[in-house]
Amino acid sequence: MSEFTRYLGRIASGAASLVSGMEVTIRYMFKPVVTVRYPRLRLDIPEGFRGPVELVTDPETGDHNCSACGTCARVCPSGVISVQGGKKKAAGQDGEGAKAPEDPFVITDSFIIDFSRCSLCGLCVESCPRKALRFSHMYEQCGTSRQVAVVDLVARQKALAAVGCEPAASRPGPQQQAAA
Amino acid sequence: MTPQAMLDPTHTLSEDTFYLNMGPQHPSTHGVLRLLLRLSGERILECDPVLGYSHRGQEHIAQNKTYLQFLPYPGRMDYLSALMFNHAHCLAVEKAAGIAVPERAEYIRVICAELNRISSHLLWLGAYLMDLGAFTPFLYCFDDREDIMDLLLPVTGSRLTYCYSRFGGVAKDIDETFVTGLRAFIKKLRGRLKDYDKLVNKNVIFINRTRDVGVISADMARAYGLTGPCLRGSGVAYDVRRAEPYSVYPEFAFEIPVRSGGDCLDRYMVRFLEMEQSLRIIEQALDRLPQGPVAPAKPVRVVKVPAGDYHCVYESARGQVGIYLVSDGGKNPYRMKWRVPSFSNLSVLPKLLVNTLVADTIAILGSVDVVMPEIDR
Ligand code: SF4
Ligand code: SF4
């Protein structure tokens with residue numbers, strides 16, 4: 001008898017826990033959906049997001065501010081940056097693009113970064129004395145080989161400027177457009 | 001018995017025992033742990049965890065990088081408590097080099113670390129319940145965890161492997177949006193914890209699968225050097241935040257949840273209750289958040305650590321992290337030994353799994369909550 005009562009008791013407590021669990025589930029059925037139908041809709045990327053590093057385009061000159069000092073390359077924990085450049089022109093002498101006139105103007109030939117090994121730590125961006133680097137908002141990073149992650153930022157900036165467009169992720173997503 | 005000995009062809013098996021390799025599915029998955037089990041039917045006679053699949057030589061990397069360059073690495077050890085490991089590394093170096101941290105920065109670090117603790121526990125909660133066959137709570141947990149990541153994203157810039165603390169401060173100040181968002185989140189999570197309580201904590205199936213399963217006695221926990229929720233689930237009220245307070249923790253009122261049974265359910269409950277305590281700490285920190293700078297006026301780039309030995313302990317989501325730093329006065333650490341909680345917590349498994357059923361292995365392993373990259377380093 002007592003065995004049977006316990007059996008019934010177990011069924012009752014099991015049913016009670018089922019009901020209390022289902023109550024939560026049913027309540028959430030009538031709450032708004034929390035997911036976004038990616039890729040048709042996208043979320044806004046917040047300001048501080050760290051995407052692959054890119055060169056800041058100076059609105060005045062339309063060029064970057066990097067002077068190939070190499071600070072970022074030295075500080076980078078993963079050693080993924082290599083900057084090439086030489087002292088090309090002295091200050092004031094057609095020093096177009098130089099931020100401070102007393103700086104000897106250096107033309108950066110190439111700024112190559114292997115994003116596949118970047119840890120997005122932010123040390124390069126913080127240590128750049130000329131604030132020439134920033135994080136982009138790109139987040140869809142995939143490729144068919146390791147080489148596609150190795151990018152010359154100077155060349156890319158030139159190429160993009162030539163056709164007058166910005167890197168892909170700077171464009172607003174459909175959701176942002178809908179909201180605007 | 002070592003795996004080699006187990007695989008020795010001359011090693012004779014009796015008729016009804018056999019070996020089973022549990023995991024990993026693929027070497028590139030996360031959480032690569034291999035459990036070599038000797039079974040008699042469904043019963044485990046012997047268990048041998050095989051480690052090292054995600055060994056990256058982090059301690060050796062530390063020796064070859066400057067203190068500053070090692071910043072992003074600790075977050076890759078325990079990727080679920082990256083902010084905490086990052087904080088621990090900064091505390092250790094600051095202590096050794098005598099770098100002062102502004103009070104506001106320390107408050108922000110604690111807020112973020114506690115948020116990280118909650119998100120780590122939420123992920124564990126969801127994944128653990130999914131291992132036990134309950135899929136629904138997983139989705140709720142991930143929804144809440146997503147909120148935490150949305151809060152931390154604009155501040156820290158990342159979603160998982162944060163690198164936010166800097167020597168002498170943090171990388172970025174928090175703003176009003178973060179504070180209001182966080183207050184709203186605290187309110188929401190309190191409501192959610194009640195829902196979890198209904199969904200899970202009273203669920204008969206869950207209780208039957210975890211109660212009296214994988215019991216760790218207090219003595220056994222001490223003997224194996226368990227820390228964190230595993231130790232507190234066995235009735236030992238040890239938390240580094242109380243035992244050896246660091247940062248600004250002495251200023252906050254919070255409890256240390258302790259359960260005495262030592263079974264899977266108790267370890268679960270300790271983590272569950274810890275989330276509420278973390279919320280309390282965050283609330284107090286938000287109320288008292290001082291104004292001021294969050295980083296030194298001149299960023300610390302080159303750290304000079306006087307020659308000597310230094311030790312720093314930290315309570316991560318999984319237990320005590322210990323950093324033993326030896327400096328010879330150079331730019332790089334001479335040696336940086338990391339004592340990580342998961343390794344000791346895992347070491348109890350061979351003892352714990354003996355004489356349990358294969359089906360309980362998942363319940364027990366999950367309740368210990370190990371993060372493999374932290375163990376393998
Ligand atoms: S990006 Fe900045 S730190 Fe790097 S080389 Fe250019 S100027 Fe120097
Ligand atoms: S974010 Fe860090 S890892 Fe990436 S390029 Fe900059 S310094 Fe190197």
# chains A, B, ... in the order shown; residues from 1 in each chain; ligands from 1
$ residues_around --residues "stretch 115-130 of chain A" --least-positions-apart "3" --cutoff "8 Å" --atoms "only C-alpha atoms" --output "PyMOL selection string"
(chain A and resi 50-53+65-67+71-73+75-76+78+80+133-135+146+149-151) or (chain B and resi 71-72+162-164)
$ write_last_selection --atoms "C-alpha atoms" --output "PDB file, in the first residue's frame"
ATOM      1  CA  ARG A  50      36.789  45.881 -32.254  1.00  0.00           C
ATOM      2  CA  GLY A  51      36.862  44.594 -35.785  1.00  0.00           C
ATOM      3  CA  PRO A  52      39.971  44.162 -37.945  1.00  0.00           C
ATOM      4  CA  VAL A  53      42.312  47.111 -37.650  1.00  0.00           C
ATOM      5  CA  ASN A  65      48.064  59.665 -41.100  1.00  0.00           C
ATOM      6  CA  CYS A  66      50.540  56.840 -40.680  1.00  0.00           C
ATOM      7  CA  SER A  67      54.174  57.862 -40.743  1.00  0.00           C
ATOM      8  CA  THR A  71      55.400  51.589 -32.928  1.00  0.00           C
ATOM      9  CA  CYS A  72      52.353  49.441 -33.622  1.00  0.00           C
ATOM     10  CA  ALA A  73      54.445  46.706 -35.203  1.00  0.00           C
ATOM     11  CA  VAL A  75      53.957  46.510 -29.597  1.00  0.00           C
ATOM     12  CA  CYS A  76      51.809  43.919 -31.356  1.00  0.00           C
ATOM     13  CA  SER A  78      51.247  38.521 -32.312  1.00  0.00           C
ATOM     14  CA  VAL A  80      51.226  40.566 -37.391  1.00  0.00           C
ATOM     15  CA  LEU A 133      44.693  53.342 -36.610  1.00  0.00           C
ATOM     16  CA  ARG A 134      41.235  52.362 -35.542  1.00  0.00           C
ATOM     17  CA  PHE A 135      39.060  49.294 -35.338  1.00  0.00           C
ATOM     18  CA  ARG A 146      44.894  32.015 -45.090  1.00  0.00           C
ATOM     19  CA  ALA A 149      43.517  37.649 -44.336  1.00  0.00           C
ATOM     20  CA  VAL A 150      46.803  39.312 -45.212  1.00  0.00           C
ATOM     21  CA  VAL A 151      45.919  42.790 -46.370  1.00  0.00           C
TER      22      VAL A 151
ATOM     23  CA  LEU B  71      47.863  41.013 -22.027  1.00  0.00           C
ATOM     24  CA  PRO B  72      45.621  39.253 -24.568  1.00  0.00           C
ATOM     25  CA  TYR B 162      38.094  40.299 -23.789  1.00  0.00           C
ATOM     26  CA  CYS B 163      41.300  42.225 -23.400  1.00  0.00           C
ATOM     27  CA  TYR B 164      40.067  45.154 -21.395  1.00  0.00           C
TER      28      TYR B 164
END
$ residues_around --residues "stretch 45-47 of chain A" --least-positions-apart "3" --cutoff "8 Å" --atoms "only C-alpha atoms" --output "MDAnalysis selection string"
(chainID A and resid 137) or (chainID B and resid 153:154)
$ select_by_dssp --residues "stretch 110-176 of chain A" --states "strand (DSSP E or B)" --output "list in words"
Ser110, Phe111, Ile112, Ile113, Asp114, Leu133, Arg134, Phe135, Val150, Val151 and Asp152 of chain A
$ residues_around --residues "B:Met275" --least-positions-apart "6" --cutoff "9 Å" --atoms "only C-alpha atoms" --output "PDB file with N, CA, C and O atoms, in the first residue's frame"
ATOM      1  N   GLU B 114      32.447  40.649 -12.446  1.00  0.00           N
ATOM      2  CA  GLU B 114      31.271  39.967 -11.910  1.00  0.00           C
ATOM      3  C   GLU B 114      30.268  39.673 -13.023  1.00  0.00           C
ATOM      4  O   GLU B 114      29.622  38.635 -13.021  1.00  0.00           O
ATOM      5  N   ARG B 117      31.469  36.700 -14.596  1.00  0.00           N
ATOM      6  CA  ARG B 117      31.191  35.521 -13.780  1.00  0.00           C
ATOM      7  C   ARG B 117      29.763  35.045 -14.041  1.00  0.00           C
ATOM      8  O   ARG B 117      29.509  33.854 -14.207  1.00  0.00           O
ATOM      9  N   ILE B 118      28.824  36.004 -14.095  1.00  0.00           N
ATOM     10  CA  ILE B 118      27.437  35.624 -14.351  1.00  0.00           C
ATOM     11  C   ILE B 118      27.318  34.985 -15.729  1.00  0.00           C
ATOM     12  O   ILE B 118      26.679  33.943 -15.890  1.00  0.00           O
ATOM     13  N   SER B 119      27.961  35.594 -16.733  1.00  0.00           N
ATOM     14  CA  SER B 119      27.801  35.047 -18.076  1.00  0.00           C
ATOM     15  C   SER B 119      28.441  33.668 -18.147  1.00  0.00           C
ATOM     16  O   SER B 119      27.929  32.774 -18.817  1.00  0.00           O
ATOM     17  N   HIS B 121      28.633  31.521 -15.640  1.00  0.00           N
ATOM     18  CA  HIS B 121      27.723  30.596 -14.958  1.00  0.00           C
ATOM     19  C   HIS B 121      26.486  30.321 -15.806  1.00  0.00           C
ATOM     20  O   HIS B 121      25.970  29.207 -15.813  1.00  0.00           O
ATOM     21  N   LEU B 122      26.013  31.354 -16.517  1.00  0.00           N
ATOM     22  CA  LEU B 122      24.826  31.165 -17.357  1.00  0.00           C
ATOM     23  C   LEU B 122      25.123  30.177 -18.471  1.00  0.00           C
ATOM     24  O   LEU B 122      24.313  29.300 -18.768  1.00  0.00           O
ATOM     25  N   LEU B 193      15.963  34.610 -12.944  1.00  0.00           N
ATOM     26  CA  LEU B 193      16.432  33.588 -12.000  1.00  0.00           C
ATOM     27  C   LEU B 193      15.240  32.890 -11.368  1.00  0.00           C
ATOM     28  O   LEU B 193      15.276  31.690 -11.096  1.00  0.00           O
TER      29      LEU B 193
END
$ closest_residue --among "B:Arg211, B:Arg377, B:Lys194, B:His89" --to "chain A" --atoms "only C-alpha atoms"
B:Lys194
$ interface_residues --of "chain B" --to "chain A" --cutoff "10 Å" --atoms "only C-alpha atoms" --output "JSON, numbers by chain"
{"B": [61, 65, 66, 67, 68, 69, 70, 71, 72, 73, 76, 136, 137, 140, 143, 150, 151, 152, 153, 154, 155, 156, 157, 158, 159, 161, 162, 163, 164, 166, 171, 172, 192, 194, 195, 196, 197, 198, 199, 200, 201, 202, 203, 204, 205, 299, 301]}
$ select_by_dssp --residues "stretch 16-167 of chain A" --states "helix (DSSP H, G or I)" --output "number ranges by chain"
A: 16-29, 71-75, 115-117, 123-127, 146-149, 153-162
$ residues_around --residues "B:Leu289" --least-positions-apart "4" --cutoff "9 Å" --atoms "only C-alpha atoms" --output "ChimeraX atom specification"
/B:103-104,107-108,284-285
$ atom_distance --atom1 "atom CA of B:Arg288" --atom2 "atom CA of B:Asn116"
19.8 Å
$ residues_around --residues "B:Tyr19" --least-positions-apart "6" --cutoff "9 Å" --atoms "only C-alpha atoms" --output "short mmCIF file (atom, residue, chain, number, x, y, z; two decimals) with C-alpha atoms, in the first residue's frame"
data_model
loop_
_atom_site.label_atom_id
_atom_site.label_comp_id
_atom_site.auth_asym_id
_atom_site.auth_seq_id
_atom_site.Cartn_x
_atom_site.Cartn_y
_atom_site.Cartn_z
CA MET B 6 45.74 0.37 -21.04
CA LEU B 36 39.51 6.75 -21.26
CA LEU B 37 37.05 4.57 -19.41
CA ARG B 38 37.33 0.92 -18.47
CA LEU B 39 33.85 -0.43 -18.22
CA SER B 40 32.14 -3.45 -16.98
#
$ closest_residue --among "A:Ile113, A:Ala132, A:Val56, A:Val36" --to "ligand 1" --atoms "only C-alpha atoms and all ligand atoms"
A:Ala132
$ residues_around --residues "B:Asp263" --least-positions-apart "5" --cutoff "9 Å" --atoms "only C-alpha atoms" --output "list in words"
Thr210, Arg211, Asp212, Val213, Gly214, Val215, Ile216, Ser217, Gly233, Ser234, Tyr268, Ile364 and Ser367 of chain B
$ atom_distance --atom1 "atom CA of B:Arg34" --atom2 "atom CA of B:Asp219"
26.9 Å
